[in-house]
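*Asks:* Before I ask anything, here is the structure I am working with.
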Amino acid sequence: IERIKMKNIIEIDAKLEKKNKYFIKGIYLDILYSVVISLVIVGICSFSNPSFFFFDDAQSEFLPYFRSVGKIWVKGEIPFIVKNTIMGQNQMIDIHRAMFLPQNILLSILSLKISSFRTISRLIAFTNLTLMAFFSLKIGEALNLKKKIGIILALLFCINPIFIYIHLPSWWNGAASQVWFVGAFASIIMLRNRFCIKYLIFNIFTVLSLLSIGWSHAAIFYMFVAIFFVVEKFICKQYKELIIFMMVSLGIILIAFNVYSEYIISLNLFDRQKGFGNFGNFLSPNFNQIFMTFNPVYYSFMNRYGGYFITYIPMAYSSVYILILLCYQKTSWKQFFADRNIKFIFGLLLVAFILSQTPSQFGQVRYPFRFLPFFSQMLIIFSIYGIEKSELEFSKFRNVVFIGILLISSLLAFFSVEIEHWKILKVNVVYIILSISYVYVIYKYKKVDFLYSIFYTIFMLLLMLFIQKDLNGILSFPGVPDSSNRISFKNNFSKNGYLLSLTNGNEKKEEIEDLHSAQFLLYNIKSVNGYTPIGNKKLSELLDATLSHGFFNEVSTVDRLSGKFDNVCYFDLMNIDSIAIKKEKLTEEMKNKLIGCGYNEKTVENPEVLYYIKDQKNIGNVSYVSNGISVNKQTADRANLEKYQISSTSNGFMILSKPYWRGYRAYVNRKKVNISDEKGLLKLDNIPKGLNNATLEIKYFPASWRVTLWLGLLGIIEIIAVLVYFNKKKYFD
């Protein structure tokens with residue numbers, strides 16, 4: 001008996017070892033496939049345009065802040081505050097920059113070592129594409145698809161038009177959120193296939209990464225995925241699995257709440273548009289865009305910045321596979337929908353479609369076209385899985401329907417555009433020939449041929465790029481030079497203070513006045529200008545800037561900043577020592593106000609621009625002290641901490657050129673000082689008298705974290721306890 005037991009144990013150990021070796025080998029192969037897919041796509045898109053992955057917000061916000069937070073991480077600090085800007089300074093408020101996402105921490109540090117902006121953007125695109133492909137392969141594996149079919153699925157995920165045209169080149173946080181949603185979704189599919197501790201840990205990691213990004217659309221759609229999973233477990237009476245998943249999910253929420261807590265407690269300070277309604281159907285996809293999801297060159301009008309324009313990006317394009325499934329699927333639809341995976345995915349497909357039709361402004365959620373990538377992903381899985389698991393039937397009637405739909409869709413694509421009809425016609429002819437040939441190959445070999453599928457899918461990407469080679473013309477292209485040494489600094493007159501550029505930038509970037517938004521951070525220029533879609537309601541009393549990009553109304557901004565507090569201009573309270581403004585925008589009244597605040601006019605080589613400069617003698621960020629208080633010197637100047645030596649002969653207050661947020665605390669000789677705001681600027685109220693070289697400390701630490709960090713710790717303990725307890729009970733596989 002003992003020999004039999006020992007033999008069984010050895011056999012089990014051998015099987016487990018073999019299974020683990022296969023699992024590890026599978027991961028290595030999936031990484032290899034993912035890297036190849038990413039390199040191919042990055043190469044094709046970069047050939048289309050060397051700056052393909054570096055447009056709009058990538059230049060105006062994400063790369064500048066990436067580099068800024070990278071510098072802070074390298075110093076061993078947490079980048080709560082980016083000090084070289086006023087607008088968008090607080091990273092805990094502008095959470096969409098995802099500074100806690102592991103890949104962003106690494107990439108932000110790497111961005112310090114890479115001089116070429118294009119190279120950084122390609123590296124970020126490559127990283128996101130590799131992760132997207134890897135997670136897609138895991139979905140295919142969990143659905144028991146053949147590896148070759150999984151590769152086709154991954155390639156289709158990676159060439160989603162919104163992902164590749166808009167998120168990867170511009171909205172880097174949108175790309176990351178879409179990637180980590182796919183990872184979180186893969187973990188759910190894996191758990192449906194086999195509920196084990198390994199896949200639960202994968203779920204914890206991917207969902208925490210997803211929630212750390214702060215992209216509401218991905219979080220909302222994952223919520224529906226989790227609800228579907230819970231309902232399915234309840235219906236199947238798998239109550240233990242249901243309880244474990246819900247307890248683990250509770251722990252994830254407690255941990256991730258730290259990312260959102262400061263945002264939540266500061267809602268009353270935000271100067272952000274909110275409400276409910278279709279305001280001009282702004283960035284809302286129409287039904288025919290979604291209906292034509294199988295045609296890669298169907299374009300439609302959309303209301304975007306500047307009005308209604310034809311949008312040469314096929315917003316809802318997924319692949320022709322859905323058309324193949326609908327036309328050639330032989331199994332009865334009742335039997336087809338009896339498959340548990342089909343029902344699960346189809347339900348999510350309907351949810352994604354409904355979300356893509358929500359109002360243009362839906363509380364804190366904006367722009368419903370951001371839900372389209374999730375609709376596309378569900379449609380890809382639905383069609384690929386459906387074709388693989390169904391029997392296909394080819395007949396004359398079915399062929400006529402398939403070809404007829406292709407012809408009609410191409411005709412409608414031809415009719416929908418304003419210009420370049422001949423170009424659209426040629427592309428659609430190629431598309432029809434390729435699609436019919438592809439169906440013939442499936443018919444001939446009685447299966448989805450791998451090589452032709454790869455060729456066909458890549459050719460769809462080439463057709464899209466032939467019509468619209470990059471994002472230029474769809475979103476703005478600020479035109480930042482490829483590296484920081486290609487711009488002149490001769491007009492950088494600021495010394496210790498901030499530059500305020502009221503030029504709103506130029507298309508061509510040669511001088512510092514040609515920059516806008518957070519681009520000044522790329523060149524280590526300390527400026528008021530920045531980027532924040534959140535805003536600061538109180539700071540808006542001084543800075544009249546529209547949109548998140550920070551385009552200024554020059555007249556009202558000068559008027560507000562020339563107002564006085566205790567006979568001192570707000571220009572001085574904000575520590576502005578250099579102002580750039582276009583001559584055509586400058587009025588006599590504005591000149592008088594600038595001169596009245598002590599600024600001197602300075603001409604530069606650029607004939608369209610004037611500078612106004614002033615020698616501010618502030619120490620650090622202390623821009624105003626009341627009578628009887630003096631600042632002797634600054635002793636520490638770190639990201640979240642400033643120290644000064646101060647003296648006082650009477651009680652008073654101080655104002656700093658820092659935006660007010662709730663996380664600030666001030667101490668004089670370790671005794672707390674009350675903090676308030678003066679039109680959005682930080683004000684220290686009760687500075688006591690009788691100080692002699694006393695130490696003033698000004699710290700930033702998220703106010704909410706004093707509670708939520710404990711909740712996060714509780715979440716970690718709860719997750720570990722749940723996994724350990726149920727593992728000991730031998731409930732997991």
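Naming works like this for the structure tokens: A, B, ... for the chains as they're shown, residue 1 at the start of each chain, ligands 1 onward in shown order.
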Mind checking which residues fall within 8 Å of Lys330 of chain A, counting only C-alpha atoms, ignoring those fewer than 2 positions away in the same chain, and posting them as a ChimeraX atom specification?
*Replies:* /A:328,332,390-393
*Asks:* Residues of segment 164-201 of chain A that approach segment 364-369 of chain A to 12 Å or less, counting only C-alpha atoms: could you list each one with the shortest pair of atoms and its distance in Å to one decimal, rows by chain and increasing residue number, as JSON lines?
*Replies:*
{"residue": "A:Ile166", "atom": "CA", "partner": "A:Phe369", "partner_atom": "CA", "distance": 11.2}
{"residue": "A:His167", "atom": "CA", "partner": "A:Phe369", "partner_atom": "CA", "distance": 12.0}
{"residue": "A:Gly174", "atom": "CA", "partner": "A:Phe369", "partner_atom": "CA", "distance": 11.9}
*Asks:* My list of candidates is A:Leu350, A:Arg122, A:Lys526, A:Ser540. Which is closest to Phe270 of chain A when distances are computed with only C-alpha atoms?
*Replies:*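 Of A:Leu350, A:Arg122, A:Lys526, A:Ser540, the one nearest Phe270 of chain A, counting only C-alpha atoms, is A:Ser540.
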*Asks:* If we count only C-alpha atoms, what is near Ile81 of chain A at a cut-off of 7 Å, once residues fewer than 4 positions away on the same chain are taken out, given as a list of chain:residue names?
*Replies:*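 My reading of the contact set: A:Gln89, A:Asn90, A:Gln91, A:Ala639, A:Asn640.
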*Asks:* Take the residues from that selection and write them out as a short mmCIF file (atom, residue, chain, number, x, y, z; two decimals), in the first residue's frame, keeping C-alpha atoms.
*Replies:*
data_model
loop_
_atom_site.label_atom_id
_atom_site.label_comp_id
_atom_site.auth_asym_id
_atom_site.auth_seq_id
_atom_site.Cartn_x
_atom_site.Cartn_y
_atom_site.Cartn_z
CA GLN A 89 0.40 70.97 -10.31
CA ASN A 90 -1.36 68.40 -8.09
CA GLN A 91 -1.10 64.84 -9.46
CA ALA A 639 8.56 68.13 -4.23
CA ASN A 640 6.25 67.85 -1.23
#
*Asks:* Please measure the separation of atom CA of Lys389 of chain A and atom CA of Val401 of chain A, giving the value in Å to one decimal.
*Replies:* 21.9 Å
*Asks:* Between A:Ile579, A:Val74, A:Val558, A:Leu521, which residue has the minimum interatomic distance to Leu499 of chain A, considering only C-alpha atoms?
*Replies:*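 Among the listed residues, A:Ile579 lies closest to Leu499 of chain A.
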*Asks:* Quick one, how far is atom CA of Ser300 of chain A from atom CA of Glu420 of chain A?
*Replies:*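 Between atom CA of Ser300 of chain A and atom CA of Glu420 of chain A the gap works out to 13.8 Å.
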*Asks:* List every residue of segment 501-594 of chain A that DSSP, applied to the backbone of this structure, places in strand (DSSP E), and write the result as a PyMOL selection string.
*Replies:* chain A and resi 501+545-546+551-552+564-565+568-569+576-582
*Asks:* Using only C-alpha atoms, which of the listed residues (A:Gly277, A:Gly505, A:Gly530, A:Gly497) sits closest to Tyr65 of chain A?
*Replies:* A:Gly530
*Asks:* Would you kindly return, as a VMD selection string, each protein, DNA or RNA residue with an atom no farther than 6 Å from any atom of segment 182-190 of chain A, considering only C-alpha atoms and excluding same-chain residues fewer than 2 positions away?
*Replies:* chain A and resid 135 139 142 179 to 180 192 to 193 203 206 to 207
*Asks:* Might you pull out every residue within 12 Å of Val42 of chain A, with only C-alpha atoms counted and same-chain residues fewer than 3 positions away left off, and present them as a PDB file with N, CA and C atoms, in the first residue's frame?
*Replies:*
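The new file out06.pdb reads:
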ATOM      1  N   VAL A  35       5.485  40.661 -28.492  1.00  0.00           N
ATOM      2  CA  VAL A  35       6.560  41.573 -28.904  1.00  0.00           C
ATOM      3  C   VAL A  35       6.599  41.695 -30.424  1.00  0.00           C
ATOM      4  N   VAL A  36       6.456  40.573 -31.119  1.00  0.00           N
ATOM      5  CA  VAL A  36       6.475  40.601 -32.594  1.00  0.00           C
ATOM      6  C   VAL A  36       5.309  41.427 -33.124  1.00  0.00           C
ATOM      7  N   ILE A  37       4.100  41.200 -32.596  1.00  0.00           N
ATOM      8  CA  ILE A  37       2.921  41.969 -33.022  1.00  0.00           C
ATOM      9  C   ILE A  37       3.148  43.463 -32.795  1.00  0.00           C
ATOM     10  N   SER A  38       3.693  43.810 -31.633  1.00  0.00           N
ATOM     11  CA  SER A  38       3.926  45.224 -31.302  1.00  0.00           C
ATOM     12  C   SER A  38       4.943  45.860 -32.228  1.00  0.00           C
ATOM     13  N   LEU A  39       6.039  45.150 -32.474  1.00  0.00           N
ATOM     14  CA  LEU A  39       7.083  45.686 -33.361  1.00  0.00           C
ATOM     15  C   LEU A  39       6.548  45.914 -34.767  1.00  0.00           C
ATOM     16  N   CYS A  45       3.188  51.907 -38.435  1.00  0.00           N
ATOM     17  CA  CYS A  45       2.652  53.244 -38.134  1.00  0.00           C
ATOM     18  C   CYS A  45       3.736  54.317 -38.183  1.00  0.00           C
ATOM     19  N   SER A  46       4.933  53.990 -37.711  1.00  0.00           N
ATOM     20  CA  SER A  46       6.038  54.954 -37.758  1.00  0.00           C
ATOM     21  C   SER A  46       6.480  55.213 -39.189  1.00  0.00           C
ATOM     22  N   PHE A  47       6.357  54.212 -40.052  1.00  0.00           N
ATOM     23  CA  PHE A  47       6.655  54.411 -41.469  1.00  0.00           C
ATOM     24  C   PHE A  47       5.615  55.341 -42.093  1.00  0.00           C
ATOM     25  N   SER A  48       4.363  55.220 -41.648  1.00  0.00           N
ATOM     26  CA  SER A  48       3.315  56.110 -42.130  1.00  0.00           C
ATOM     27  C   SER A  48       3.619  57.559 -41.770  1.00  0.00           C
ATOM     28  N   ASN A  49       4.101  57.765 -40.547  1.00  0.00           N
ATOM     29  CA  ASN A  49       4.510  59.093 -40.087  1.00  0.00           C
ATOM     30  C   ASN A  49       5.447  58.897 -38.907  1.00  0.00           C
ATOM     31  N   PRO A  50       6.671  59.426 -38.959  1.00  0.00           N
ATOM     32  CA  PRO A  50       7.617  59.244 -37.848  1.00  0.00           C
ATOM     33  C   PRO A  50       7.075  59.738 -36.509  1.00  0.00           C
ATOM     34  N   SER A  51       6.146  60.700 -36.535  1.00  0.00           N
ATOM     35  CA  SER A  51       5.557  61.230 -35.295  1.00  0.00           C
ATOM     36  C   SER A  51       4.182  60.634 -35.005  1.00  0.00           C
ATOM     37  N   PHE A  52       3.896  59.464 -35.571  1.00  0.00           N
ATOM     38  CA  PHE A  52       2.561  58.873 -35.452  1.00  0.00           C
ATOM     39  C   PHE A  52       2.091  58.790 -34.009  1.00  0.00           C
ATOM     40  N   PHE A  53       2.987  58.469 -33.075  1.00  0.00           N
ATOM     41  CA  PHE A  53       2.601  58.241 -31.683  1.00  0.00           C
ATOM     42  C   PHE A  53       2.855  59.456 -30.790  1.00  0.00           C
ATOM     43  N   ARG A 118      10.150  61.429 -29.960  1.00  0.00           N
ATOM     44  CA  ARG A 118       9.546  60.390 -30.796  1.00  0.00           C
ATOM     45  C   ARG A 118       9.888  58.999 -30.267  1.00  0.00           C
ATOM     46  N   THR A 119      11.142  58.828 -29.864  1.00  0.00           N
ATOM     47  CA  THR A 119      11.568  57.524 -29.345  1.00  0.00           C
ATOM     48  C   THR A 119      10.804  57.164 -28.082  1.00  0.00           C
ATOM     49  N   SER A 121       7.815  58.212 -27.270  1.00  0.00           N
ATOM     50  CA  SER A 121       6.426  57.920 -27.629  1.00  0.00           C
ATOM     51  C   SER A 121       6.299  56.527 -28.237  1.00  0.00           C
ATOM     52  N   ARG A 122       7.277  56.120 -29.046  1.00  0.00           N
ATOM     53  CA  ARG A 122       7.239  54.773 -29.626  1.00  0.00           C
ATOM     54  C   ARG A 122       7.429  53.711 -28.555  1.00  0.00           C
ATOM     55  N   LEU A 123       8.285  54.003 -27.589  1.00  0.00           N
ATOM     56  CA  LEU A 123       8.507  53.055 -26.500  1.00  0.00           C
ATOM     57  C   LEU A 123       7.225  52.862 -25.688  1.00  0.00           C
ATOM     58  N   ILE A 124       6.519  53.950 -25.433  1.00  0.00           N
ATOM     59  CA  ILE A 124       5.255  53.867 -24.687  1.00  0.00           C
ATOM     60  C   ILE A 124       4.215  53.105 -25.504  1.00  0.00           C
ATOM     61  N   ALA A 125       4.148  53.382 -26.815  1.00  0.00           N
ATOM     62  CA  ALA A 125       3.216  52.653 -27.682  1.00  0.00           C
ATOM     63  C   ALA A 125       3.565  51.165 -27.719  1.00  0.00           C
ATOM     64  N   PHE A 126       4.850  50.862 -27.843  1.00  0.00           N
ATOM     65  CA  PHE A 126       5.296  49.468 -27.869  1.00  0.00           C
ATOM     66  C   PHE A 126       4.916  48.744 -26.578  1.00  0.00           C
ATOM     67  N   THR A 127       5.100  49.403 -25.449  1.00  0.00           N
ATOM     68  CA  THR A 127       4.763  48.798 -24.157  1.00  0.00           C
ATOM     69  C   THR A 127       3.282  48.480 -24.074  1.00  0.00           C
ATOM     70  N   ASN A 128       2.451  49.454 -24.444  1.00  0.00           N
ATOM     71  CA  ASN A 128       1.007  49.239 -24.378  1.00  0.00           C
ATOM     72  C   ASN A 128       0.535  48.179 -25.375  1.00  0.00           C
ATOM     73  N   LEU A 129       1.107  48.189 -26.562  1.00  0.00           N
ATOM     74  CA  LEU A 129       0.735  47.184 -27.570  1.00  0.00           C
ATOM     75  C   LEU A 129       1.148  45.778 -27.134  1.00  0.00           C
ATOM     76  N   THR A 130       2.329  45.659 -26.535  1.00  0.00           N
ATOM     77  CA  THR A 130       2.792  44.354 -26.069  1.00  0.00           C
ATOM     78  C   THR A 130       1.865  43.812 -24.982  1.00  0.00           C
ATOM     79  N   CYS A 158      -5.220  44.940 -31.247  1.00  0.00           N
ATOM     80  CA  CYS A 158      -4.166  45.961 -31.328  1.00  0.00           C
ATOM     81  C   CYS A 158      -4.390  46.987 -32.429  1.00  0.00           C
ATOM     82  N   ILE A 159      -5.198  46.661 -33.454  1.00  0.00           N
ATOM     83  CA  ILE A 159      -5.409  47.635 -34.534  1.00  0.00           C
ATOM     84  C   ILE A 159      -6.775  48.306 -34.421  1.00  0.00           C
ATOM     85  N   ILE A 164      -5.473  52.748 -31.683  1.00  0.00           N
ATOM     86  CA  ILE A 164      -4.215  52.978 -32.395  1.00  0.00           C
ATOM     87  C   ILE A 164      -4.088  54.413 -32.932  1.00  0.00           C
ATOM     88  N   TYR A 165      -5.226  55.036 -33.255  1.00  0.00           N
ATOM     89  CA  TYR A 165      -5.175  56.391 -33.817  1.00  0.00           C
ATOM     90  C   TYR A 165      -5.223  57.484 -32.747  1.00  0.00           C
ATOM     91  N   LEU A 168      -3.123  55.688 -28.387  1.00  0.00           N
ATOM     92  CA  LEU A 168      -1.671  55.507 -28.407  1.00  0.00           C
ATOM     93  C   LEU A 168      -0.911  56.779 -28.792  1.00  0.00           C
ATOM     94  N   PRO A 169      -1.380  57.579 -29.763  1.00  0.00           N
ATOM     95  CA  PRO A 169      -0.630  58.783 -30.131  1.00  0.00           C
ATOM     96  C   PRO A 169      -0.895  59.985 -29.223  1.00  0.00           C
ATOM     97  N   LEU A 461      -5.207  47.322 -41.639  1.00  0.00           N
ATOM     98  CA  LEU A 461      -4.493  48.447 -41.030  1.00  0.00           C
ATOM     99  C   LEU A 461      -3.886  49.338 -42.108  1.00  0.00           C
TER     100      LEU A 461
END
*Asks:* Name all residues at most 12 Å from segment 262-269 of chain A (count only C-alpha atoms; drop same-chain ones fewer than 6 positions away) and give them as a PyMOL selection string.
*Replies:* chain A and resi 80+90-96+214+256+364+534-540+659-664+677+679-680+700-709
*Asks:* Can you list every residue in segment 336-501 of chain A that DSSP puts in helix (DSSP H, G or I), as an NGL selection string?
*Replies:* :A and (336 or 340-355 or 368-389 or 396-416 or 421-445 or 450-467 or 484-486)
*Asks:* Please produce an output containing C-alpha atoms for each residue in the selection, written as a tab-separated table (two decimals), in the first residue's frame.
*Replies:*
chain	number	residue	atom	x	y	z
A	336	PHE	CA	-25.54	29.03	-30.84
A	340	ARG	CA	-22.23	30.02	-21.90
A	341	ASN	CA	-19.34	32.07	-23.35
A	342	ILE	CA	-21.52	33.41	-26.17
A	343	LYS	CA	-24.21	34.49	-23.70
A	344	PHE	CA	-21.65	36.14	-21.43
A	345	ILE	CA	-19.92	38.06	-24.23
A	346	PHE	CA	-23.14	39.00	-26.02
A	347	GLY	CA	-24.53	40.53	-22.82
A	348	LEU	CA	-21.41	42.67	-22.47
A	349	LEU	CA	-21.65	43.58	-26.16
A	350	LEU	CA	-25.12	45.01	-25.58
A	351	VAL	CA	-23.93	46.95	-22.51
A	352	ALA	CA	-20.99	48.41	-24.46
A	353	PHE	CA	-23.34	49.47	-27.26
A	354	ILE	CA	-25.71	51.22	-24.81
A	355	LEU	CA	-22.81	52.99	-23.08
A	368	PRO	CA	-19.33	58.29	-25.20
A	369	PHE	CA	-17.11	57.35	-28.16
A	370	ARG	CA	-14.57	56.35	-25.48
A	371	PHE	CA	-16.77	53.30	-24.86
A	372	LEU	CA	-16.44	52.20	-28.48
A	373	PRO	CA	-13.13	50.31	-27.98
A	374	PHE	CA	-14.86	48.06	-25.45
A	375	PHE	CA	-17.72	47.48	-27.88
A	376	SER	CA	-15.13	46.60	-30.52
A	377	GLN	CA	-13.30	44.20	-28.20
A	378	MET	CA	-16.48	42.36	-27.26
A	379	LEU	CA	-17.49	42.16	-30.92
A	380	ILE	CA	-14.10	40.74	-31.90
A	381	ILE	CA	-14.31	38.03	-29.23
A	382	PHE	CA	-17.93	37.30	-30.12
A	383	SER	CA	-17.18	36.87	-33.83
A	384	ILE	CA	-13.84	35.01	-33.54
A	385	TYR	CA	-15.11	32.66	-30.85
A	386	GLY	CA	-18.40	32.19	-32.71
A	387	ILE	CA	-16.66	31.23	-35.97
A	388	GLU	CA	-14.26	28.88	-34.19
A	389	LYS	CA	-16.99	27.07	-32.24
A	396	LYS	CA	-24.90	30.44	-53.29
A	397	PHE	CA	-27.50	32.37	-51.33
A	398	ARG	CA	-25.14	33.00	-48.41
A	399	ASN	CA	-22.41	34.14	-50.81
A	400	VAL	CA	-24.83	36.56	-52.49
A	401	VAL	CA	-25.80	38.02	-49.07
A	402	PHE	CA	-22.16	38.39	-48.03
A	403	ILE	CA	-21.04	40.02	-51.29
A	404	GLY	CA	-24.18	42.17	-51.40
A	405	ILE	CA	-23.52	43.59	-47.93
A	406	LEU	CA	-19.90	44.30	-48.87
A	407	LEU	CA	-20.99	46.15	-52.03
A	408	ILE	CA	-23.70	48.16	-50.27
A	409	SER	CA	-21.39	49.12	-47.38
A	410	SER	CA	-18.72	50.23	-49.86
A	411	LEU	CA	-21.28	52.27	-51.79
A	412	LEU	CA	-22.42	53.96	-48.57
A	413	ALA	CA	-18.80	54.60	-47.65
A	414	PHE	CA	-18.36	56.26	-51.04
A	415	PHE	CA	-21.49	58.42	-50.56
A	416	SER	CA	-20.66	59.51	-47.00
A	421	HIS	CA	-14.18	59.96	-53.61
A	422	TRP	CA	-11.82	58.28	-56.08
A	423	LYS	CA	-9.44	57.35	-53.25
A	424	ILE	CA	-12.29	55.92	-51.16
A	425	LEU	CA	-13.56	53.97	-54.16
A	426	LYS	CA	-10.16	52.38	-54.85
A	427	VAL	CA	-9.70	51.38	-51.22
A	428	ASN	CA	-13.16	49.82	-51.06
A	429	VAL	CA	-12.49	47.84	-54.23
A	430	VAL	CA	-9.32	46.43	-52.63
A	431	TYR	CA	-11.28	45.74	-49.42
A	432	ILE	CA	-13.99	43.81	-51.30
A	433	ILE	CA	-11.46	41.73	-53.26
A	434	LEU	CA	-9.52	40.87	-50.11
A	435	SER	CA	-12.66	39.97	-48.15
A	436	ILE	CA	-14.10	37.74	-50.88
A	437	SER	CA	-10.71	36.06	-51.29
A	438	TYR	CA	-10.52	35.53	-47.55
A	439	VAL	CA	-13.93	33.83	-47.44
A	440	TYR	CA	-12.90	31.64	-50.38
A	441	VAL	CA	-9.80	30.52	-48.46
A	442	ILE	CA	-11.99	29.62	-45.45
A	443	TYR	CA	-14.32	27.70	-47.77
A	444	LYS	CA	-11.44	25.88	-49.48
A	445	TYR	CA	-9.58	24.81	-46.33
A	450	PHE	CA	-3.65	31.48	-40.09
A	451	LEU	CA	-1.27	33.06	-42.61
A	452	TYR	CA	-3.99	34.53	-44.80
A	453	SER	CA	-5.75	35.86	-41.68
A	454	ILE	CA	-2.56	37.64	-40.57
A	455	PHE	CA	-2.06	39.04	-44.06
A	456	TYR	CA	-5.72	40.09	-44.28
A	457	THR	CA	-5.74	41.81	-40.85
A	458	ILE	CA	-2.50	43.73	-41.44
A	459	PHE	CA	-3.82	44.81	-44.83
A	460	MET	CA	-6.89	46.31	-43.07
A	461	LEU	CA	-4.49	48.45	-41.03
A	462	LEU	CA	-2.68	49.51	-44.22
A	463	LEU	CA	-5.98	50.50	-45.86
A	464	MET	CA	-6.88	52.68	-42.87
A	465	LEU	CA	-3.44	54.31	-42.87
A	466	PHE	CA	-3.67	54.92	-46.62
A	467	ILE	CA	-6.73	57.13	-46.03
A	484	SER	CA	14.72	69.54	-26.09
A	485	ASN	CA	17.83	70.99	-27.77
A	486	ARG	CA	15.86	72.22	-30.78
